[in-house]
Every structure is written in structure tokens, then in C-alpha cells.
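Colleague: Next comes the structure file protein33.txt, holding compact mmCIF, C-alpha atoms and all ligand atoms.
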# COMPACT_ATOMS: atom_id res chain seq x y z
CA MET U 1 18.81 -10.68 -16.64
CA SER U 2 16.19 -9.42 -19.05
CA SER U 3 16.31 -5.71 -18.13
CA ASP U 4 20.10 -5.51 -18.18
CA PRO U 5 21.42 -4.50 -21.59
CA GLN U 6 24.94 -5.80 -20.90
CA ASN U 7 24.50 -9.22 -19.45
CA SER U 8 28.00 -9.25 -18.02
CA ARG U 9 27.41 -6.16 -15.90
CA LEU U 10 26.00 -6.66 -12.42
CA PRO U 11 22.81 -4.72 -11.67
CA VAL U 12 22.98 -1.62 -9.48
CA LEU U 13 20.66 -1.97 -6.50
CA ALA U 14 19.27 1.04 -4.64
CA VAL U 15 17.99 0.46 -1.11
CA VAL U 16 15.43 3.14 -0.26
CA VAL U 17 14.94 3.77 3.46
CA PRO U 18 12.17 6.11 4.66
CA CYS U 19 13.21 7.80 7.92
CA TYR U 20 11.08 9.80 10.28
CA ASN U 21 12.79 10.57 13.58
CA GLU U 22 15.07 7.56 13.17
CA SER U 23 18.33 8.99 14.58
CA GLN U 24 18.39 6.13 17.10
CA ALA U 25 17.71 3.36 14.61
CA LEU U 26 19.91 4.48 11.70
CA PRO U 27 23.28 3.88 13.40
CA HIS U 28 22.18 0.22 13.78
CA THR U 29 20.48 -0.10 10.43
CA LEU U 30 22.93 1.48 7.99
CA PRO U 31 25.92 -0.76 8.83
CA VAL U 32 23.68 -3.83 8.46
CA LEU U 33 22.42 -2.66 5.07
CA LEU U 34 25.95 -1.81 3.90
CA GLU U 35 27.01 -5.31 4.90
CA ILE U 36 24.14 -6.74 2.83
CA LEU U 37 25.31 -4.70 -0.17
CA ASN U 38 28.82 -6.15 0.30
CA SER U 39 27.45 -9.69 0.45
CA LEU U 40 25.37 -9.07 -2.67
CA HIS U 41 28.50 -8.02 -4.51
CA GLN U 42 30.46 -10.99 -3.25
CA LEU U 43 27.66 -13.29 -4.38
CA GLN U 44 27.77 -11.59 -7.80
CA LEU U 45 24.16 -10.52 -7.40
CA ALA U 46 24.61 -6.75 -7.41
CA SER U 47 27.19 -4.25 -8.56
CA GLU U 48 29.66 -2.59 -6.19
CA HIS U 49 27.99 0.70 -7.19
CA SER U 50 24.81 -0.32 -5.37
CA TYR U 51 23.80 2.22 -2.74
CA ILE U 52 21.43 3.20 0.04
CA LEU U 53 19.14 6.21 -0.27
CA CYS U 54 17.81 7.53 3.05
CA VAL U 55 14.72 9.69 2.72
CA ASP U 56 14.43 12.04 5.67
CA ASP U 57 10.69 12.63 5.89
CA GLY U 58 10.82 16.00 7.66
CA SER U 59 12.23 14.54 10.89
CA LYS U 60 12.24 16.68 14.01
CA ASP U 61 15.28 15.02 15.54
CA ASP U 62 18.82 14.86 14.09
CA THR U 63 18.10 12.11 11.55
CA TRP U 64 19.53 14.26 8.74
CA GLN U 65 22.78 14.86 10.66
CA VAL U 66 23.13 11.10 11.12
CA ILE U 67 22.63 10.58 7.38
CA GLU U 68 25.22 13.30 6.62
CA LYS U 69 27.71 11.66 8.95
CA PHE U 70 27.33 8.28 7.25
CA HIS U 71 27.52 9.90 3.79
CA ALA U 72 30.79 11.63 4.74
CA ILE U 73 32.32 8.29 5.74
CA ASN U 74 30.83 6.24 2.92
CA PRO U 75 29.29 7.94 -0.14
CA ARG U 76 27.31 4.76 -0.85
CA VAL U 77 24.94 6.11 1.81
CA LYS U 78 23.03 8.87 0.03
CA GLY U 79 20.19 11.00 1.28
CA ILE U 80 17.35 13.31 0.37
CA ALA U 81 15.45 15.43 2.87
CA LEU U 82 11.80 16.30 2.35
CA ALA U 83 10.84 19.85 3.29
CA HIS U 84 8.16 18.61 5.69
CA ASN U 85 6.70 15.41 7.03
CA ARG U 86 4.53 13.79 4.33
CA GLY U 87 4.19 10.26 5.73
CA HIS U 88 5.67 6.87 4.94
CA GLN U 89 4.03 6.43 1.51
CA TYR U 90 5.23 9.74 0.13
CA ALA U 91 8.70 9.25 1.60
CA LEU U 92 8.86 5.93 -0.27
CA LEU U 93 7.57 7.50 -3.45
CA ALA U 94 10.07 10.38 -3.21
CA GLY U 95 12.88 7.85 -2.76
CA LEU U 96 11.74 5.66 -5.67
CA MET U 97 11.38 8.65 -7.99
CA THR U 98 14.89 9.79 -7.01
CA VAL U 99 16.55 6.44 -7.76
CA ARG U 100 14.50 5.96 -10.94
CA GLY U 101 16.92 5.72 -13.85
CA HIS U 102 19.88 5.43 -11.46
CA CYS U 103 19.58 1.74 -10.66
CA GLU U 104 18.41 -1.53 -12.19
CA ALA U 105 16.36 -2.42 -9.13
CA ALA U 106 15.29 -0.77 -5.89
CA VAL U 107 14.31 -2.30 -2.57
CA THR U 108 12.24 -0.29 -0.10
CA ILE U 109 12.80 -1.19 3.54
CA ASP U 110 11.88 0.50 6.85
CA ALA U 111 14.59 2.14 8.92
CA ASP U 112 13.94 0.01 12.01
CA LEU U 113 15.14 -3.40 10.70
CA GLN U 114 11.79 -5.01 11.52
CA ASP U 115 11.88 -6.44 8.03
CA ASP U 116 14.73 -8.95 7.80
CA PRO U 117 17.34 -7.36 5.47
CA ASN U 118 18.73 -10.81 4.57
CA ALA U 119 15.58 -11.30 2.47
CA ILE U 120 17.13 -8.77 0.03
CA ILE U 121 19.56 -11.50 -1.03
CA GLU U 122 16.70 -13.83 -1.97
CA MET U 123 14.93 -10.93 -3.67
CA MET U 124 18.02 -10.30 -5.80
CA HIS U 125 18.20 -14.00 -6.74
CA LYS U 126 14.60 -13.77 -7.98
CA PHE U 127 15.33 -10.48 -9.74
CA ARG U 128 18.23 -12.11 -11.56
CA GLU U 129 15.84 -14.89 -12.60
CA GLY U 130 13.72 -12.25 -14.32
CA LYS U 131 11.10 -11.30 -11.73
CA GLU U 132 10.42 -7.57 -11.68
CA ILE U 133 8.37 -7.06 -8.53
CA ILE U 134 9.18 -9.11 -5.45
CA TYR U 135 7.01 -8.70 -2.38
CA GLY U 136 8.41 -9.29 1.09
CA VAL U 137 5.73 -11.24 2.99
CA ARG U 138 5.78 -11.77 6.76
CA SER U 139 5.77 -15.42 7.67
CA SER U 140 4.81 -14.64 11.26
CA ARG U 141 4.07 -11.59 13.32
CA GLN U 142 5.05 -13.01 16.68
CA SER U 143 7.17 -9.94 17.45
CA ASP U 144 4.21 -7.58 17.05
CA THR U 145 1.84 -7.13 19.97
CA ALA U 146 -1.36 -9.23 19.74
CA PHE U 147 -3.27 -5.98 19.34
CA LYS U 148 -1.13 -4.80 16.38
CA ARG U 149 -1.34 -8.28 14.81
CA ASN U 150 -5.11 -8.52 15.08
CA THR U 151 -5.80 -4.96 13.94
CA ALA U 152 -3.45 -5.48 11.00
CA HIS U 153 -5.23 -8.69 9.98
CA ALA U 154 -8.63 -7.03 10.35
CA PHE U 155 -7.27 -4.27 8.11
CA TYR U 156 -6.33 -6.74 5.31
CA SER U 157 -9.68 -8.55 5.51
CA PHE U 158 -11.62 -5.30 5.48
CA GLN U 159 -9.69 -4.07 2.45
CA LYS U 160 -10.43 -7.30 0.62
CA ALA U 161 -14.13 -7.05 1.43
CA MET U 162 -14.05 -3.53 0.01
CA GLY U 163 -12.69 -4.75 -3.31
CA LEU U 164 -9.06 -3.71 -2.84
CA GLU U 165 -6.52 -6.33 -3.92
CA THR U 166 -3.37 -6.27 -1.83
CA VAL U 167 -0.77 -8.93 -1.07
CA TYR U 168 -1.63 -10.47 2.31
CA ASP U 169 0.87 -9.67 5.09
CA HIS U 170 3.02 -7.60 2.76
CA ALA U 171 3.81 -4.07 3.92
CA ASP U 172 6.11 -1.90 1.86
CA TYR U 173 9.15 -4.15 1.87
CA ARG U 174 9.60 -4.98 -1.80
CA LEU U 175 11.94 -4.99 -4.75
CA MET U 176 10.97 -3.27 -7.97
CA SER U 177 12.86 -3.25 -11.25
CA ASN U 178 13.61 0.09 -12.84
CA ARG U 179 10.91 -0.69 -15.42
CA ALA U 180 8.37 -1.25 -12.63
CA ILE U 181 9.37 2.11 -11.11
CA ASP U 182 8.92 3.74 -14.53
CA LEU U 183 5.42 2.30 -14.76
CA LEU U 184 4.70 3.40 -11.18
CA SER U 185 5.68 6.96 -12.10
CA GLU U 186 2.72 7.08 -14.49
CA TYR U 187 0.28 6.92 -11.59
CA GLY U 188 -0.25 10.60 -10.92
CA GLU U 189 -2.83 10.33 -8.13
CA SER U 190 -2.18 12.36 -5.04
CA ASN U 191 -3.51 9.77 -2.55
CA MET U 192 -0.67 7.30 -2.86
CA PHE U 193 -1.35 3.84 -1.47
CA LEU U 194 1.56 1.84 -2.84
CA ARG U 195 0.36 -1.56 -1.61
CA GLY U 196 -2.72 -1.14 -3.78
CA ILE U 197 -1.00 0.41 -6.79
CA VAL U 198 2.04 -1.86 -7.18
CA PRO U 199 -0.12 -4.97 -7.82
CA LEU U 200 -1.90 -2.97 -10.56
CA ILE U 201 1.37 -2.46 -12.44
CA GLY U 202 1.50 -6.10 -13.53
CA LEU U 203 4.86 -7.55 -14.68
CA GLU U 204 6.29 -10.83 -13.43
CA ASN U 205 6.20 -10.97 -9.65
CA ASP U 206 6.98 -13.26 -6.79
CA ILE U 207 7.15 -13.25 -3.01
CA VAL U 208 9.89 -13.80 -0.45
CA THR U 209 8.89 -14.67 3.12
CA TYR U 210 10.68 -13.47 6.24
CA GLU U 211 10.19 -13.20 9.99
CA ARG U 212 9.12 -9.80 11.23
CA LYS U 213 11.29 -8.69 14.14
CA GLN U 214 11.22 -6.09 16.89
CA ARG U 215 12.27 -2.54 16.11
CA VAL U 216 16.07 -2.12 16.64
CA ALA U 217 15.66 1.24 18.38
CA GLY U 218 13.20 4.10 18.75
CA VAL U 219 9.42 3.81 18.79
CA SER U 220 6.74 3.06 16.19
CA LYS U 221 5.47 6.06 14.24
CA TYR U 222 2.29 4.21 13.41
CA PRO U 223 -0.15 4.37 16.31
CA LEU U 224 -3.70 3.03 15.85
CA THR U 225 -5.08 6.41 14.75
CA LYS U 226 -2.55 6.65 11.91
CA MET U 227 -3.23 3.01 10.93
CA LEU U 228 -6.96 3.71 10.76
CA SER U 229 -6.56 6.79 8.62
CA PHE U 230 -4.13 4.84 6.41
CA SER U 231 -6.70 2.07 6.04
CA ILE U 232 -9.50 4.50 5.16
CA ASP U 233 -7.18 6.20 2.66
CA GLY U 234 -6.40 2.85 1.08
CA ILE U 235 -10.03 1.91 0.64
CA THR U 236 -11.30 5.27 -0.51
CA SER U 237 -8.57 5.67 -3.09
CA PHE U 238 -9.26 2.28 -4.63
CA SER U 239 -12.84 1.36 -4.28
CA ALA U 240 -16.23 2.87 -4.94
CA GLN U 241 -17.72 -0.25 -3.33
CA PRO U 242 -19.14 1.51 -0.22
CA MET U 243 -21.39 3.58 -2.50
CA ARG U 244 -22.70 0.44 -4.17
CA TRP U 245 -23.57 -0.88 -0.72
CA ILE U 246 -25.85 2.13 -0.20
CA PHE U 247 -27.83 1.15 -3.31
CA ILE U 248 -28.01 -2.49 -2.23
CA THR U 249 -29.22 -1.48 1.24
CA GLY U 250 -31.91 0.68 -0.38
CA LEU U 251 -32.95 -2.20 -2.62
CA VAL U 252 -33.19 -4.64 0.30
CA ILE U 253 -35.27 -2.15 2.29
CA PHE U 254 -37.49 -1.61 -0.77
CA LEU U 255 -38.14 -5.36 -0.98
CA LEU U 256 -38.88 -5.40 2.76
CA THR U 257 -41.25 -2.49 2.17
CA ILE U 258 -43.41 -4.79 0.08
CA LEU U 259 -43.75 -7.19 3.06
CA VAL U 260 -44.23 -4.34 5.53
CA GLY U 261 -46.78 -2.82 3.14
CA LEU U 262 -48.75 -6.06 3.05
CA TYR U 263 -48.69 -6.30 6.85
CA VAL U 264 -49.76 -2.65 7.24
CA LEU U 265 -52.59 -2.94 4.71
CA VAL U 266 -53.86 -6.22 6.15
CA SER U 267 -53.81 -4.64 9.64
CA HIS U 268 -55.61 -1.57 8.33
CA PHE U 269 -58.37 -3.27 6.38
CA PHE U 270 -58.93 -6.53 8.23
CA ILE U 271 -57.87 -6.10 11.84
CA HIS U 272 -59.21 -2.56 12.33
CA HIS U 273 -57.07 -1.85 15.42
CA THR U 274 -54.74 0.63 13.80
CA SER U 275 -54.48 4.26 14.93
CA PRO U 276 -55.46 6.89 12.39
CA GLY U 277 -52.52 7.91 10.20
CA TRP U 278 -50.42 4.86 11.09
CA THR U 279 -50.93 3.08 7.77
CA SER U 280 -49.98 6.05 5.60
CA LEU U 281 -47.03 6.96 7.86
CA MET U 282 -45.62 3.43 7.80
CA LEU U 283 -45.95 3.19 4.04
CA SER U 284 -44.29 6.59 3.50
CA ILE U 285 -41.40 5.98 5.91
CA TRP U 286 -40.49 2.60 4.41
CA GLY U 287 -41.26 3.49 0.80
CA LEU U 288 -39.59 6.89 0.73
CA GLY U 289 -36.68 5.77 2.93
CA SER U 290 -35.77 2.98 0.53
CA LEU U 291 -36.26 5.17 -2.55
CA ILE U 292 -33.99 7.86 -1.08
CA LEU U 293 -31.29 5.30 -0.30
CA MET U 294 -31.47 3.89 -3.81
CA ALA U 295 -31.31 7.40 -5.28
CA ILE U 296 -28.18 8.17 -3.23
CA GLY U 297 -26.71 4.86 -4.44
CA ILE U 298 -27.39 5.79 -8.08
CA VAL U 299 -25.76 9.21 -7.61
CA GLY U 300 -22.90 7.32 -5.94
CA GLU U 301 -22.41 5.18 -9.06
CA TYR U 302 -21.83 8.34 -11.08
CA ILE U 303 -19.53 9.80 -8.43
CA GLY U 304 -17.64 6.49 -8.57
CA LYS U 305 -17.16 7.01 -12.32
CA ILE U 306 -15.90 10.57 -11.77
CA PHE U 307 -13.56 9.22 -9.09
CA THR U 308 -11.91 6.79 -11.50
CA GLU U 309 -11.76 9.39 -14.27
CA VAL U 310 -10.06 12.10 -12.19
CA LYS U 311 -7.38 9.70 -11.00
CA ASN U 312 -6.36 9.44 -14.63
CA ARG U 313 -4.53 6.18 -14.06
CA PRO U 314 -2.64 4.66 -16.98
CA ARG U 315 -5.05 2.46 -18.94
CA PHE U 316 -2.41 0.01 -20.06
CA ALA U 317 1.29 -0.60 -19.68
CA VAL U 318 3.54 -1.81 -22.50
CA LYS U 319 6.03 -4.35 -21.23
CA ASP U 320 8.12 -5.14 -24.34
CA LYS U 321 8.24 -3.86 -27.88
CA LEU U 322 9.54 -5.34 -31.14
CA TRP U 323 9.25 -2.40 -33.43
CA ASP U 324 12.31 -1.71 -35.65
N1 LIG X 1 8.02 6.84 8.47
C1 LIG X 1 8.11 7.91 7.61
N2 LIG X 1 7.25 8.97 7.77
C2 LIG X 1 6.28 8.98 8.74
C3 LIG X 1 6.17 7.85 9.60
C4 LIG X 1 7.04 6.78 9.42
O1 LIG X 1 8.98 7.94 6.73
O2 LIG X 1 5.54 9.96 8.83
C5 LIG X 1 8.96 5.70 8.30
C6 LIG X 1 9.65 5.27 9.57
O3 LIG X 1 10.83 6.03 9.80
C7 LIG X 1 9.95 3.81 9.29
C8 LIG X 1 8.78 3.39 8.41
O4 LIG X 1 8.21 4.59 7.90
O5 LIG X 1 11.15 3.65 8.55
C9 LIG X 1 7.73 2.58 9.16
O6 LIG X 1 7.36 3.26 10.34
P1 LIG X 1 7.23 2.51 11.75
O7 LIG X 1 8.34 1.51 11.89
O8 LIG X 1 7.16 3.55 12.80
O9 LIG X 1 5.83 1.78 11.60
P2 LIG X 1 5.41 0.32 12.15
O10 LIG X 1 6.47 -0.63 11.69
O11 LIG X 1 5.36 0.44 13.62
O12 LIG X 1 4.08 0.06 11.50
MG MG X 2 8.43 -0.47 12.04
Take the structure in the file and write it out as C-alpha cells.
Ligand code: UDP
Ligand code: MG

Modeller:
Amino acid sequence: MSSDPQNSRLPVLAVVVPCYNESQALPHTLPVLLEILNSLHQLQLASEHSYILCVDDGSKDDTWQVIEKFHAINPRVKGIALAHNRGHQYALLAGLMTVRGHCEAAVTIDADLQDDPNAIIEMMHKFREGKEIIYGVRSSRQSDTAFKRNTAHAFYSFQKAMGLETVYDHADYRLMSNRAIDLLSEYGESNMFLRGIVPLIGLENDIVTYERKQRVAGVSKYPLTKMLSFSIDGITSFSAQPMRWIFITGLVIFLLTILVGLYVLVSHFFIHHTSPGWTSLMLSIWGLGSLILMAIGIVGEYIGKIFTEVKNRPRFAVKDKLWD
């Protein structure tokens, strides 16, 4: 393994599990994940020091007590509790930043076992072959309702149209090497949309496909309203494209204004049936309307520049160094 200094040592894997009101799901999920860690060790894919980190995202039920109970029985189940509910993305980020430097690789997986945990074994095979980011991709969404499936697909297509590159049908089930987590930590933006940022990191990557299942227990914390705001967040933190569309709309209307202008002037001078004031009104509405739209678009281009500057993203990432 390239990132492991002692080739003989097995890599430590951290499994990061965001939990919001998951006291019903965790008693099903944690034993399954612990079993996966055992199998990984038996298969000589991960060290026996591999562990699970549960991130309690300000739950209102007794999620934290459940985590404490598991930790008391088996210290390989670790936990952090956020002071208040910050949402899935920040729970993941908090978990990744906690395990950073304390593992060779980390897998993020939801607490409801919808993402098949057996895929972690394949992810670890690919990690051992030198891949540093491995995306879990859903091979089918039969277990989701038709509504959830269609809205989710519309969400991916819309993002793509808006210039945001994400991995199709990949949520936040992925493996990242410690180096990838280090590079991720350099993104200081406060609107965290991991599915957009992780592909920006670069490094060698691959995908693993799996079947998405039903939730083991509890209910979804992602109703349509949250999905919509998540989608808008994703687009607005990655793309200034909508502002460019304003300029293009203005330009198209300006070109139409030339045709409308011709029609209005021909009507005015040759047909003589126009009401007084109509010609000048038509010309002003079309002409000024398109100029205003184009002006907003130009201002938007500058705001787009400010938007990329203030995010202060890393401009490059060094992967390897031969220096001494
Ligand atoms: N989650 C979280 N904070 C939130 C909402 C959700 O940490 O504010 C966690 C939740 O516990 C689960 C994961 O994010 O582990 C995905 O949530 P859920 O399964 O409810 O979403 P869905 O799969 O229905 O899209
Ligand atoms: Mg779920």
C-alpha cells in the first residue's frame, strides 16, 4: 500500500457514522459494522485496531446513550457528540476531521444500513491496490419510493446542467485515505457539500457498486424540503452558472429586440394603424429590458469572481514529493 510506511502493518480503518435520532437503528447497525471490521481483519485487509466513530449530530432522542452503551462494551465503538444539530454534511465533516491522523483510511456510511456495509470489503481491496478515494455507487434504487428515486435523479441532472460535477448515484458512502482527508481539510468553506468537493481533491479514485436497501429502523431525516434546500446549497456553493444565464437571456432578448424593432418601425411608418406612443413604448420596453438583464448578468460575473475568491479553496494539491 502506497500510503502505509510499514508495508507489513495492516491499515487502520475508521468507519464514520453520522447519527441523528438513530437510537432505533444503531442497535442493528453497530453489530453489523463490528462484524465487517472482524471480517476485514480476518481477510488481512485492515488492522484489528480499526474502529467505528459515531457522530451524534445533536440528536433529541437517546442516541448518545446508545453509543455510550456500545462503547462501554466494546471500545472499538467510539463517539463524538455535536453540541447541536448541524446536518448530515457537517456531521460527516466533524467525524472525518476527528479521525484524521488516527487512521489510514476512513469510510463514511449512514446509520440506517441503507448502504450495503459489505461494500466496505471491496473498498478496502481497492484501497490496498492504491486507490485513495472510492465512491460507493448505487446499482439500483428499487428500495426507494418512485418519488424519492425520480426526485433524486432530477437532482443529479439539474446539478450537472448547473456545472456541478458529482458522481452519479453516489451519496456520501465512500472511502477516503488519510491523505485525501488531509487535502479535504484545506477546504475552509462554510457551505460544505462533500459530494461536490471530494471529486475536486483529485487522487486516484474508483467506484464500488452496491444495492441500496430499506432503512433498518427509524424514519428518513431527509424529507423533500430538506432535499431541495440541500440541492440549492450544492448548486450555489459550486456554480456561478445561474448568473451567466441572466446575461445570456438578456442577450437573446436584445437580439429579439432587433426583430421586434423592425416590426414596430415597419408598422409605424408603413401600416399607419398604430396607436400614438405604441412604437416608442415597445422599443423602450424591449430595448431597456434586455439592456438591464445584460447589465445584471455583467454584475453577476463579477459577483461570481468574488464568490470563488472568498471561498479561498486550495489552488493545487501536492500528491507526492521527492525533495531530500
Ligand atoms: N443525519 C444527520 N444529521 C441530520 C440528518 C441526518 O447526521 O440532520 C444522518 C442520519 O442519522 C443518517 C444519515 O444522515 O445516518 C442519512 O439520513 P437519512 O437516512 O435520514 O436520509 P435518507 O437516506 O432518507 O436520504
Ligand atoms: Mg437513509

Colleague: Could you pull the residues within 9 Å of Leu45 of chain U, counting only C-alpha atoms, minus those fewer than 5 positions along the same chain, as a PyMOL selection string?

Modeller: chain U and resi 10-11+39-40+121+124-125+128

Colleague: Quick one: residues within 8 Å of Ala25 of chain U, all atoms listed in the file, excluding same-chain residues fewer than 3 positions away - as a list in words?

Modeller: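 Close residues of Ala25 of chain U: Glu22, His28, Thr29, Ala111, Asp112, Val216, Ala217 and Gly218 of chain U.
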
Colleague: Nearest residue to Tyr135 of chain U out of U:Met282, U:Met176, U:Val17, U:Val77, using only C-alpha atoms?

Modeller: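 Nearest candidate to Tyr135 of chain U out of U:Met282, U:Met176, U:Val17, U:Val77: U:Met176.
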
Colleague: Please tabulate, as JSON lines, the residues of segment 63-148 of chain U that come within 12 Å of segment 156-167 of chain U, each with its closest pair of atoms and the distance in Å to one decimal, counting all atoms listed in the file and ordering rows by chain, then residue number upward.

Modeller:
{"residue": "U:Ile133", "atom": "CA", "partner": "U:Val167", "partner_atom": "CA", "distance": 11.9}
{"residue": "U:Ile134", "atom": "CA", "partner": "U:Val167", "partner_atom": "CA", "distance": 10.9}
{"residue": "U:Tyr135", "atom": "CA", "partner": "U:Val167", "partner_atom": "CA", "distance": 7.9}
{"residue": "U:Gly136", "atom": "CA", "partner": "U:Val167", "partner_atom": "CA", "distance": 9.4}
{"residue": "U:Val137", "atom": "CA", "partner": "U:Val167", "partner_atom": "CA", "distance": 8.0}
{"residue": "U:Arg138", "atom": "CA", "partner": "U:Val167", "partner_atom": "CA", "distance": 10.6}

Colleague: Could you give me the residues within 7 Å of ligand LIG 1 (chain X), counting only C-alpha atoms and all ligand atoms, as a list of chain:residue names?

Modeller: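 Residues satisfying the distance criterion: U:Val17, U:Pro18, U:Cys19, U:Tyr20, U:Asn21, U:Glu22, U:Asp56, U:Asp57, U:Asn85, U:Arg86, U:Gly87, U:His88, U:Ala91, U:Asp110, U:Ala111, U:Asp112, U:Gln114, U:Val219, U:Ser220, U:Lys221, U:Tyr222.
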
Colleague: Between U:His84, U:Lys311, U:Lys213, U:His268, which residue has the minimum interatomic distance to ligand MG 2 (chain X), considering all atoms listed in the file?

Modeller: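 Of U:His84, U:Lys311, U:Lys213, U:His268, the one nearest ligand MG 2 (chain X), counting all atoms listed in the file, is U:Lys213.
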
Colleague: My list of candidates is U:Ile120, U:Ile52, U:Val264, U:Leu281. Which is closest to Gly95 of chain U when distances are computed with all atoms listed in the file?

Modeller: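 Checking each candidate against Gly95 of chain U, we get U:Ile52 as the closest.
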
Colleague: What is the atom CA of Thr249 of chain U to atom CA of Trp286 of chain U distance in Å?

Modeller: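 Atom-to-atom, atom CA of Thr249 of chain U and atom CA of Trp286 of chain U are spaced 12.4 Å apart.
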
Colleague: Any idea what the distance is between atom CA of Pro199 of chain U and atom CA of Ala180 of chain U?

Modeller: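 These atoms are spaced 10.4 Å apart.
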
Colleague: Counting only C-alpha atoms and all ligand atoms, figure out which residue out of U:Met227, U:Leu113, U:Cys54, U:Ala94 gets nearest to ligand MG 2 (chain X).

Modeller: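 Checking each of U:Met227, U:Leu113, U:Cys54, U:Ala94 against ligand MG 2 (chain X), counting only C-alpha atoms and all ligand atoms, the winner is U:Leu113.
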
Colleague: From the set U:Ile285, U:Leu175, U:Ile109, U:Val99, which residue has the shortest atom-to-atom contact distance to ligand MG 2 (chain X), counting all atoms listed in the file?

Modeller: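 Of U:Ile285, U:Leu175, U:Ile109, U:Val99, the one nearest ligand MG 2 (chain X), counting all atoms listed in the file, is U:Ile109.
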
Colleague: Quick one, how far is atom CA of Glu309 of chain U from atom CA of Arg174 of chain U?

Modeller: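 So the two atoms, atom CA of Glu309 of chain U and atom CA of Arg174 of chain U, lie 28.6 Å apart.
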
Colleague: Kindly provide, as a list in words, the polymer residues lying within 12 Å of (13.8, -15.9, 10.2), counting all atoms listed in the file and using the coordinates exactly as they appear in the file.

Modeller: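 Using all atoms listed in the file, the matching residues come out as Gln114, Asp115, Asp116, Pro117, Asn118, Ala119, Val137, Arg138, Ser139, Ser140, Arg141, Gln142, Ser143, Val208, Thr209, Tyr210, Glu211, Arg212 and Lys213 of chain U.
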
Colleague: Any chance you could turn segment 23-35 of chain U into a file with N, CA, C and O atoms, as a PDB file, in the first residue's frame?

Modeller:
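Result file decode20.pdb:
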ATOM      1  N   SER U  23     -31.465   6.167  17.600  1.00  0.00           N
ATOM      2  CA  SER U  23     -31.395   5.185  18.696  1.00  0.00           C
ATOM      3  C   SER U  23     -32.057   3.862  18.310  1.00  0.00           C
ATOM      4  O   SER U  23     -31.720   2.814  18.857  1.00  0.00           O
ATOM      5  N   GLN U  24     -32.963   3.896  17.343  1.00  0.00           N
ATOM      6  CA  GLN U  24     -33.592   2.632  16.910  1.00  0.00           C
ATOM      7  C   GLN U  24     -32.713   1.884  15.931  1.00  0.00           C
ATOM      8  O   GLN U  24     -32.676   0.650  15.943  1.00  0.00           O
ATOM      9  N   ALA U  25     -32.009   2.620  15.079  1.00  0.00           N
ATOM     10  CA  ALA U  25     -31.208   1.944  14.048  1.00  0.00           C
ATOM     11  C   ALA U  25     -29.871   1.442  14.580  1.00  0.00           C
ATOM     12  O   ALA U  25     -29.415   0.363  14.188  1.00  0.00           O
ATOM     13  N   LEU U  26     -29.239   2.210  15.492  1.00  0.00           N
ATOM     14  CA  LEU U  26     -27.879   1.855  15.924  1.00  0.00           C
ATOM     15  C   LEU U  26     -27.733   0.445  16.505  1.00  0.00           C
ATOM     16  O   LEU U  26     -26.755  -0.236  16.197  1.00  0.00           O
ATOM     17  N   PRO U  27     -28.680  -0.022  17.329  1.00  0.00           N
ATOM     18  CA  PRO U  27     -28.523  -1.382  17.857  1.00  0.00           C
ATOM     19  C   PRO U  27     -28.501  -2.457  16.764  1.00  0.00           C
ATOM     20  O   PRO U  27     -28.009  -3.550  16.973  1.00  0.00           O
ATOM     21  N   HIS U  28     -29.037  -2.135  15.569  1.00  0.00           N
ATOM     22  CA  HIS U  28     -28.942  -3.081  14.441  1.00  0.00           C
ATOM     23  C   HIS U  28     -27.628  -2.858  13.690  1.00  0.00           C
ATOM     24  O   HIS U  28     -26.982  -3.788  13.245  1.00  0.00           O
ATOM     25  N   THR U  29     -27.296  -1.574  13.538  1.00  0.00           N
ATOM     26  CA  THR U  29     -26.186  -1.216  12.661  1.00  0.00           C
ATOM     27  C   THR U  29     -24.814  -1.532  13.254  1.00  0.00           C
ATOM     28  O   THR U  29     -23.951  -2.079  12.561  1.00  0.00           O
ATOM     29  N   LEU U  30     -24.622  -1.168  14.537  1.00  0.00           N
ATOM     30  CA  LEU U  30     -23.268  -1.306  15.105  1.00  0.00           C
ATOM     31  C   LEU U  30     -22.765  -2.756  15.116  1.00  0.00           C
ATOM     32  O   LEU U  30     -21.622  -2.999  14.708  1.00  0.00           O
ATOM     33  N   PRO U  31     -23.590  -3.745  15.514  1.00  0.00           N
ATOM     34  CA  PRO U  31     -23.081  -5.122  15.450  1.00  0.00           C
ATOM     35  C   PRO U  31     -22.692  -5.540  14.030  1.00  0.00           C
ATOM     36  O   PRO U  31     -21.696  -6.243  13.842  1.00  0.00           O
ATOM     37  N   VAL U  32     -23.469  -5.077  13.033  1.00  0.00           N
ATOM     38  CA  VAL U  32     -23.149  -5.428  11.642  1.00  0.00           C
ATOM     39  C   VAL U  32     -21.799  -4.823  11.255  1.00  0.00           C
ATOM     40  O   VAL U  32     -20.936  -5.488  10.662  1.00  0.00           O
ATOM     41  N   LEU U  33     -21.599  -3.555  11.633  1.00  0.00           N
ATOM     42  CA  LEU U  33     -20.335  -2.898  11.265  1.00  0.00           C
ATOM     43  C   LEU U  33     -19.151  -3.533  12.001  1.00  0.00           C
ATOM     44  O   LEU U  33     -18.070  -3.703  11.426  1.00  0.00           O
ATOM     45  N   LEU U  34     -19.376  -3.914  13.268  1.00  0.00           N
ATOM     46  CA  LEU U  34     -18.286  -4.562  14.018  1.00  0.00           C
ATOM     47  C   LEU U  34     -17.919  -5.898  13.361  1.00  0.00           C
ATOM     48  O   LEU U  34     -16.748  -6.263  13.275  1.00  0.00           O
ATOM     49  N   GLU U  35     -18.939  -6.579  12.881  1.00  0.00           N
ATOM     50  CA  GLU U  35     -18.704  -7.860  12.189  1.00  0.00           C
ATOM     51  C   GLU U  35     -17.883  -7.630  10.914  1.00  0.00           C
ATOM     52  O   GLU U  35     -16.979  -8.406  10.593  1.00  0.00           O
TER      53      GLU U  35
END
